[in-house]
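Okay, structure first, notes after.
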Amino acid sequence: MIALASANSELWARQDTITALRKMHETTNKPLIYQACDLNFRNAALRDDAYFTLALVDKTNPAPKIQGNKIASDSIMIVAENAADGLAIQVQGFADCSMASVFSASNQTLPGVLFVLSILSMAGISAIERRKATPAAAISLDNIKLTPMQRQLTQILLDAPSRKVSKNILCATLWGNKSNADESLYTLVKRTKTALADSGIKIICNRGESYEIRINS
């Protein structure tokens, strides 16, 4: 609509054009709408159903509404340079077809590619989240050779909601108020990592503040 208005603004905005429309309005004493088709409309599938309207409006007479179910564009107001009476021409585009028809007639190559990529991305994220969310009950430590303390540490991490536990909680759970619990935890984690090396279960240290366990599928 902006391109159409720009290409024909000099013609539409002529004072004699507005004068002619005003006289027709005064003669008929009815709202006046001029409807025309754009012969240069690029989309042949919509050319017969698409059109634009010119309506004479002023401060007291807004443009009449187009009846029926139509797809409408934003309106553009065109005012002559020397118009002092508030008169203007309202330009608006319409299409007498369904939204589905417009969608099917438009070029959807790029949007379609982006839509497919978004679906694939969502599916990939969902698969990763499902992999991370493998329930602890489905992970068996029976066939892994672990000491009682190593097994307890591993099970604590598996049972945690995010499979991540702070260092302080681990120390308090495993050794209570033991003074050198930090050193004991470091040694226990190191040996547990070695014991779990071939099981697909990995313990990760997060900046010395917490430990988490990850399951490799």
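Ordering of the structure tokens sets the chain letters (A, B, ...), residue numbers begin anew at 1 in every chain, and ligands are numbered from 1 in the order given.
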
From segment 84-214 of chain A, collect each residue whose DSSP state is strand (DSSP E or B) and return the set as a VMD selection string. chain A and resid 88 to 95 164 to 166 201 to 206 210 to 214

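Each of A:Thr27, A:Asn177, A:Gln90, A:Ser140 was checked against Gly200 of chain A using only C-alpha atoms; the smallest atom-to-atom distance is that of A:Ser140.
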
Residues within 8 Å of Asp96 of chain A, please, as a PyMOL selection string. Count only C-alpha atoms; anything in the same chain fewer than 6 positions from it doesn't count. chain A and resi 49-50+69-71

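Within 10 Å of Arg151 of chain A, once only C-alpha atoms are used and residues closer than 3 positions along the same chain are dropped, the contacting residues are A:Leu141, A:Asp142, A:Ile144, A:Lys145, A:Leu146, A:Thr147, A:Pro148, A:Thr154, A:Gln155, A:Ile156, A:Thr192, A:Ala195.
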
I need the chosen residues saved as a PDB file, in the first residue's frame, with all heavy atoms.
```pdb
ATOM      1  N   LEU A 141      23.483 -49.626  40.071  1.00  0.00           N
ATOM      2  CA  LEU A 141      24.890 -49.640  40.474  1.00  0.00           C
ATOM      3  C   LEU A 141      25.337 -51.040  40.881  1.00  0.00           C
ATOM      4  O   LEU A 141      26.472 -51.207  41.349  1.00  0.00           O
ATOM      5  CB  LEU A 141      25.105 -48.671  41.649  1.00  0.00           C
ATOM      6  CG  LEU A 141      24.698 -47.211  41.407  1.00  0.00           C
ATOM      7  CD1 LEU A 141      24.910 -46.404  42.681  1.00  0.00           C
ATOM      8  CD2 LEU A 141      25.458 -46.599  40.251  1.00  0.00           C
ATOM      9  N   ASP A 142      24.455 -52.025  40.669  1.00  0.00           N
ATOM     10  CA  ASP A 142      24.743 -53.377  41.159  1.00  0.00           C
ATOM     11  C   ASP A 142      25.973 -53.985  40.500  1.00  0.00           C
ATOM     12  O   ASP A 142      26.728 -54.720  41.150  1.00  0.00           O
ATOM     13  CB  ASP A 142      23.528 -54.282  40.931  1.00  0.00           C
ATOM     14  CG  ASP A 142      22.326 -53.835  41.762  1.00  0.00           C
ATOM     15  OD1 ASP A 142      22.549 -53.098  42.752  1.00  0.00           O
ATOM     16  OD2 ASP A 142      21.183 -54.190  41.408  1.00  0.00           O
ATOM     17  N   ILE A 144      28.543 -52.443  39.304  1.00  0.00           N
ATOM     18  CA  ILE A 144      29.723 -51.581  39.388  1.00  0.00           C
ATOM     19  C   ILE A 144      30.418 -51.836  40.723  1.00  0.00           C
ATOM     20  O   ILE A 144      29.775 -51.810  41.780  1.00  0.00           O
ATOM     21  CB  ILE A 144      29.330 -50.099  39.268  1.00  0.00           C
ATOM     22  CG1 ILE A 144      28.545 -49.858  37.967  1.00  0.00           C
ATOM     23  CG2 ILE A 144      30.563 -49.204  39.294  1.00  0.00           C
ATOM     24  CD1 ILE A 144      28.011 -48.451  37.828  1.00  0.00           C
ATOM     25  N   LYS A 145      31.707 -52.062  40.677  1.00  0.00           N
ATOM     26  CA  LYS A 145      32.463 -52.354  41.889  1.00  0.00           C
ATOM     27  C   LYS A 145      32.754 -51.057  42.629  1.00  0.00           C
ATOM     28  O   LYS A 145      33.599 -50.261  42.238  1.00  0.00           O
ATOM     29  CB  LYS A 145      33.767 -53.073  41.538  1.00  0.00           C
ATOM     30  CG  LYS A 145      34.520 -53.595  42.756  1.00  0.00           C
ATOM     31  CD  LYS A 145      35.744 -54.387  42.337  1.00  0.00           C
ATOM     32  CE  LYS A 145      36.496 -54.913  43.560  1.00  0.00           C
ATOM     33  NZ  LYS A 145      37.697 -55.713  43.169  1.00  0.00           N
ATOM     34  N   LEU A 146      32.015 -50.824  43.739  1.00  0.00           N
ATOM     35  CA  LEU A 146      32.158 -49.614  44.532  1.00  0.00           C
ATOM     36  C   LEU A 146      32.261 -49.976  46.009  1.00  0.00           C
ATOM     37  O   LEU A 146      31.647 -50.949  46.472  1.00  0.00           O
ATOM     38  CB  LEU A 146      30.952 -48.686  44.340  1.00  0.00           C
ATOM     39  CG  LEU A 146      30.689 -48.147  42.931  1.00  0.00           C
ATOM     40  CD1 LEU A 146      29.322 -47.494  42.862  1.00  0.00           C
ATOM     41  CD2 LEU A 146      31.778 -47.165  42.510  1.00  0.00           C
ATOM     42  N   THR A 147      32.999 -49.178  46.752  1.00  0.00           N
ATOM     43  CA  THR A 147      33.019 -49.338  48.201  1.00  0.00           C
ATOM     44  C   THR A 147      31.703 -48.772  48.751  1.00  0.00           C
ATOM     45  O   THR A 147      30.999 -48.019  48.053  1.00  0.00           O
ATOM     46  CB  THR A 147      34.203 -48.580  48.823  1.00  0.00           C
ATOM     47  OG1 THR A 147      34.002 -47.170  48.606  1.00  0.00           O
ATOM     48  CG2 THR A 147      35.511 -49.014  48.183  1.00  0.00           C
ATOM     49  N   PRO A 148      31.339 -49.078  49.991  1.00  0.00           N
ATOM     50  CA  PRO A 148      30.108 -48.524  50.559  1.00  0.00           C
ATOM     51  C   PRO A 148      30.043 -47.001  50.500  1.00  0.00           C
ATOM     52  O   PRO A 148      28.995 -46.431  50.184  1.00  0.00           O
ATOM     53  CB  PRO A 148      30.138 -49.038  52.008  1.00  0.00           C
ATOM     54  CG  PRO A 148      30.899 -50.313  51.920  1.00  0.00           C
ATOM     55  CD  PRO A 148      31.959 -50.080  50.894  1.00  0.00           C
ATOM     56  N   THR A 154      27.596 -41.806  45.207  1.00  0.00           N
ATOM     57  CA  THR A 154      26.967 -41.877  43.879  1.00  0.00           C
ATOM     58  C   THR A 154      25.452 -41.836  43.995  1.00  0.00           C
ATOM     59  O   THR A 154      24.768 -41.152  43.212  1.00  0.00           O
ATOM     60  CB  THR A 154      27.399 -43.164  43.154  1.00  0.00           C
ATOM     61  OG1 THR A 154      28.821 -43.221  43.096  1.00  0.00           O
ATOM     62  CG2 THR A 154      26.843 -43.201  41.741  1.00  0.00           C
ATOM     63  N   GLN A 155      24.887 -42.537  44.961  1.00  0.00           N
ATOM     64  CA  GLN A 155      23.434 -42.584  45.112  1.00  0.00           C
ATOM     65  C   GLN A 155      22.874 -41.232  45.551  1.00  0.00           C
ATOM     66  O   GLN A 155      21.790 -40.820  45.116  1.00  0.00           O
ATOM     67  CB  GLN A 155      23.047 -43.667  46.133  1.00  0.00           C
ATOM     68  CG  GLN A 155      21.581 -44.063  46.056  1.00  0.00           C
ATOM     69  CD  GLN A 155      21.247 -44.695  44.702  1.00  0.00           C
ATOM     70  OE1 GLN A 155      21.890 -45.642  44.280  1.00  0.00           O
ATOM     71  NE2 GLN A 155      20.228 -44.154  44.043  1.00  0.00           N
ATOM     72  N   ILE A 156      23.613 -40.510  46.399  1.00  0.00           N
ATOM     73  CA  ILE A 156      23.176 -39.172  46.809  1.00  0.00           C
ATOM     74  C   ILE A 156      23.054 -38.253  45.602  1.00  0.00           C
ATOM     75  O   ILE A 156      22.076 -37.509  45.450  1.00  0.00           O
ATOM     76  CB  ILE A 156      24.157 -38.586  47.850  1.00  0.00           C
ATOM     77  CG1 ILE A 156      24.062 -39.352  49.173  1.00  0.00           C
ATOM     78  CG2 ILE A 156      23.866 -37.101  48.082  1.00  0.00           C
ATOM     79  CD1 ILE A 156      25.112 -38.928  50.181  1.00  0.00           C
ATOM     80  N   THR A 192      36.014 -42.463  43.375  1.00  0.00           N
ATOM     81  CA  THR A 192      34.719 -42.854  42.793  1.00  0.00           C
ATOM     82  C   THR A 192      34.716 -42.618  41.289  1.00  0.00           C
ATOM     83  O   THR A 192      34.148 -43.413  40.527  1.00  0.00           O
ATOM     84  CB  THR A 192      33.577 -42.070  43.458  1.00  0.00           C
ATOM     85  OG1 THR A 192      33.631 -42.250  44.877  1.00  0.00           O
ATOM     86  CG2 THR A 192      32.233 -42.558  42.960  1.00  0.00           C
ATOM     87  N   ALA A 195      36.362 -45.521  39.725  1.00  0.00           N
ATOM     88  CA  ALA A 195      35.524 -46.721  39.759  1.00  0.00           C
ATOM     89  C   ALA A 195      34.384 -46.659  38.745  1.00  0.00           C
ATOM     90  O   ALA A 195      33.928 -47.682  38.239  1.00  0.00           O
ATOM     91  CB  ALA A 195      34.963 -46.905  41.172  1.00  0.00           C
TER      92      ALA A 195
END
```
